[in-house]
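Peer 1: The structure is given below, and queries will be raised subsequently.
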Amino acid sequence: MHDGKSPDEVTISVGPQHPALKEPESFSLTLAGEKIMASSVRLGYNHRGIEKAAEDKTYVQALYLIERICGICSHAHATCFIQAVEEIAALDVPKRALYIRTLVAELERIHSHLLWLGVAGHEIGFDTLLMYTWRDREIVMDVLASLTGNRVNYGINTLGGVRRDVSQEQKEEILKAVDVLEERTRYYIEVASQEVTLIERLSGVGVMSHEDALRLGAVGPTARASSVDRDVRRDDPYAAYGELTFKVVTSDKNDVYGRTLVRVGELMESYGMIRQLVKNMPDGPVTVKAPRKIPAGEAFSRYEAPRGENVHYVKANGTEKPERVKVRAPTLANVQAVSHMLKDRYLADLPIVIAAIDPCFSCTDRMIGVSDMEGGPKRVMTWQELRSYSIEWHRARGIDFSALNGRFGVREKR
Amino acid sequence: MTDTSEEKTVQDQLQGRFPYLAQHIRVARQRRIFADVPAANLAEVFDCAVRQMGFSMLCTITGLDLAESLGVIYHLARTSGVVLSLSTSVDRQAPVIESVTQYFPAADAYEREMVDLLGFEVRGLAPGQRYPLPDSWPKGQFPLRKDWQPSMLEKDEGKNA
């Protein structure tokens with residue numbers, strides 16, 4: 001016996017260059033045959049010292065730094081931070097600015113969820129879904145670029161409001177885009193609720209019970225797909241959310257299929273919110289003059305990012321630079337849940353289970369070292385090979401998307 | 001008119017239960033309560049908040065360098081949206097805190113961060129992978145302390161070379 005494992009158990013390292021999650025991370029998996037017996041996770045490979053660096057920047061400089069914590073939900077971090085600073089400074093941010101912030105926030109959620117849906121399709125071998133959702137995602141990316149000047153890292157926020165106003169033409173452009181996206185999302189909902197191959201592939205995979213989701217502190221769609229009815233936008237409203245009508249989408253399926261339903265459901269809610277924001281956007285200025293020095297104080301800010309609750313704590317000391325900035329991104333809260341979901345599951349489900357908590361997936365090469373526990377030679381698999389293995393493994397068991405990849409979309413109207 | 005808000009109720013309950021907290025609880029705004037708790041009493045206040053007062057979510061744990069001491073803030077939330085931030089401070093020379101992983105398994109990552117970045121000792125934290133600094137990070141260097149400078153790292157690397 002070695003490390004308490006039976007001789008036929010092997011340990012596999014997945015990562016650290018593993019872009020299924022925002023930060024590179026390393027999973028160590030103990031396998032018996034194809035079953036995952038245990039897993040542990042090592043994080044921190046992408047720790048850039050942003051909290052420390054922020055202490056050496058003015059509040060406005062720190063805002064730009066903090067926007068770069070994440071490429072997918074940059075607005076989530078920038079807004080979470082700046083609303084804490086504005087609270088300490090007791091700034092009365094104009095309502096129109098809050099509406100524009102919220103508008104960008106929901107557009108960001110749409111791009112993030114569509115991106116995720118494509119990634120999920122890709123990981124299970126349903127590449128037509130990837131092509132369709134990413135094509136549709138371009139519509140929202142164009143809107144974001146038109147509103148803010150950028151496709152990512154929008155830079156719309158500033159201390160005391162937003163940097164750009166929204167014109168009447170842009171409002172019309174947004175409403176037109178939302179109509180198209182809503183129609184497309186209806187189609188995806190139809191696919192998700194009727195396509196047997198998709199339902200079979202995602203059901204019962206990455207299971208996390210309601211009790212476990214609560215116990216492990218899971219957040220966002222990952223938690224809501226286990227019937228955890230929590231959403232900061234409703235429970236602790238910020239920006240303009242207190243003035244919007246929307247539903248918090250949940251599912252009792254407790255698996256990757258449930259997480260898919262929650263995300264497509266949230267897309268529909270976002271379209272509704274955007275229409276309300278455009279229709280009810282009050283007139284007036286978009287910024288209020290802010291002091292360079294922020295009085296001593298502290299604030300705790302929460303934000304429902306596409307992947308779940310994002311929190312920032314800011315402490316000010318009366319100077320133009322923050323005393324302390326603390327960030328907790330939603331992925332950190334969901335990492336424990338991933339380890340739990342992988343236990344007793346098959347290696348072939350690893351790509352989709354990991355991908356199911358997070359929409360960010362870069363296309364760089366990823367290496368998987370397979371080592372045998374007796375210290376034999378190390379075998380290396382690329383992420384691509386693991387993905388192919390996963391698709392073949394399920395194909396051999398009757399779940400095959402290849403025919404579907406050809407015919408999916410025949411009913412498409414556009 | 002008497003204040004019957006949820007925040008005021010929480011403040012009254014805490015003060016009633018723990019008289020030493022009088023004058024140390026601040027309702028910053030709607031849904032935000034900050035309480036300064038003596039380190040020796042933190043465990044009982046924390047337990048009461050989590051087990052009896054419905055603060056069932058741990059948003060995160062913040063560590064602070066307060067010059068003379070090191071600070072810790074536990075940000076606890078209720079499903080109603082009210083956040084109770086319990087803060088305390090410990091001796092800089094022996095910054096020992098108790099783990100809260102028996103209440104919240106997800107606190108594991110937050111507590112490891114306190115160990116790596118500020119040099120806390122967390123009693124009751126199970127052995128495991130460090131987070132977030134690399135395994136080769138020099139001992140005794142805690143980058144979120146105010147007296148830490150990147151040049152200290154370079155000096156240390158030079159020594160090891």
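Ligands are numbered from 1 in the order shown, residues from 1 within each chain, and chains are lettered A, B, ... in the order they appear in the structure tokens.
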Write out as a ChimeraX atom specification which residues come within 10 Å of Ser112 (chain A) when counting only C-alpha atoms, dropping same-chain ones fewer than 5 positions away.
Peer 2: /A:72-73,106-107,117,137,140,263,267,305-307,358-360
Peer 1: Write a file of the selected residues as a PDB file, in the first residue's frame, keeping N, CA and C atoms.
Peer 2:
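That gives us part_33.pdb:
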ATOM      1  N   ILE A  72     -13.850  38.499 -18.139  1.00  0.00           N
ATOM      2  CA  ILE A  72     -15.234  38.193 -18.495  1.00  0.00           C
ATOM      3  C   ILE A  72     -16.189  39.107 -17.738  1.00  0.00           C
ATOM      4  N   CYS A  73     -15.953  39.246 -16.433  1.00  0.00           N
ATOM      5  CA  CYS A  73     -16.874  40.098 -15.662  1.00  0.00           C
ATOM      6  C   CYS A  73     -16.104  41.259 -15.038  1.00  0.00           C
ATOM      7  N   GLU A 106     -26.008  44.007 -16.940  1.00  0.00           N
ATOM      8  CA  GLU A 106     -26.853  42.949 -17.518  1.00  0.00           C
ATOM      9  C   GLU A 106     -26.380  42.557 -18.918  1.00  0.00           C
ATOM     10  N   LEU A 107     -25.850  43.517 -19.681  1.00  0.00           N
ATOM     11  CA  LEU A 107     -25.273  43.168 -20.989  1.00  0.00           C
ATOM     12  C   LEU A 107     -24.067  42.254 -20.782  1.00  0.00           C
ATOM     13  N   LEU A 117     -22.570  28.967 -22.474  1.00  0.00           N
ATOM     14  CA  LEU A 117     -23.385  27.973 -23.166  1.00  0.00           C
ATOM     15  C   LEU A 117     -22.599  27.350 -24.320  1.00  0.00           C
ATOM     16  N   ARG A 137     -23.524  35.877 -29.522  1.00  0.00           N
ATOM     17  CA  ARG A 137     -22.848  36.690 -28.512  1.00  0.00           C
ATOM     18  C   ARG A 137     -22.243  37.951 -29.134  1.00  0.00           C
ATOM     19  N   VAL A 140     -24.282  41.117 -28.632  1.00  0.00           N
ATOM     20  CA  VAL A 140     -24.176  41.845 -27.361  1.00  0.00           C
ATOM     21  C   VAL A 140     -22.788  42.488 -27.217  1.00  0.00           C
ATOM     22  N   ARG A 263     -28.990  29.264 -16.317  1.00  0.00           N
ATOM     23  CA  ARG A 263     -28.321  30.320 -17.097  1.00  0.00           C
ATOM     24  C   ARG A 263     -29.186  30.783 -18.265  1.00  0.00           C
ATOM     25  N   LEU A 267     -30.836  34.565 -18.800  1.00  0.00           N
ATOM     26  CA  LEU A 267     -30.740  35.391 -20.009  1.00  0.00           C
ATOM     27  C   LEU A 267     -32.074  36.075 -20.266  1.00  0.00           C
ATOM     28  N   ALA A 305     -22.327  38.876  -9.740  1.00  0.00           N
ATOM     29  CA  ALA A 305     -21.605  38.718 -11.000  1.00  0.00           C
ATOM     30  C   ALA A 305     -22.226  37.537 -11.763  1.00  0.00           C
ATOM     31  N   PRO A 306     -21.900  37.392 -13.060  1.00  0.00           N
ATOM     32  CA  PRO A 306     -22.479  36.260 -13.805  1.00  0.00           C
ATOM     33  C   PRO A 306     -22.217  34.911 -13.127  1.00  0.00           C
ATOM     34  N   ARG A 307     -21.092  34.783 -12.432  1.00  0.00           N
ATOM     35  CA  ARG A 307     -20.765  33.500 -11.807  1.00  0.00           C
ATOM     36  C   ARG A 307     -21.166  33.425 -10.342  1.00  0.00           C
ATOM     37  N   ASP A 358     -18.234  27.826 -14.395  1.00  0.00           N
ATOM     38  CA  ASP A 358     -17.599  29.065 -14.834  1.00  0.00           C
ATOM     39  C   ASP A 358     -17.533  29.174 -16.342  1.00  0.00           C
ATOM     40  N   PRO A 359     -17.801  30.341 -16.896  1.00  0.00           N
ATOM     41  CA  PRO A 359     -17.849  30.456 -18.346  1.00  0.00           C
ATOM     42  C   PRO A 359     -16.526  30.764 -19.032  1.00  0.00           C
ATOM     43  N   CYS A 360     -15.482  31.021 -18.296  1.00  0.00           N
ATOM     44  CA  CYS A 360     -14.243  31.440 -18.950  1.00  0.00           C
ATOM     45  C   CYS A 360     -13.374  30.248 -19.325  1.00  0.00           C
TER      46      CYS A 360
END
Peer 1: Could the residues of chain A within 6 Å of chain B, counting only C-alpha atoms, be given as a list in words, please?
Peer 2: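 On the chain A side, the interface is Gly44, Lys52, Leu216, Asp235 and Asp236 of chain A.
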Peer 1: At a cut-off of 7 Å, using only C-alpha atoms, what residues contact Ser87 (chain B)? Leave out same-chain residues fewer than 5 positions from it and give the result as a list in words.
Peer 2: Ala35, Asp36, Val37, Val72, Ile73 and Tyr74 of chain B
Peer 1: Do you know which residues are at most 8 Å from region 256-260 of chain A counting only C-alpha atoms, after dropping those on the same chain fewer than 6 positions away, and could you put them as number ranges by chain?
Peer 2: A: 117, 192, 199, 202-207, 221-222, 224-226, 352-353, 356
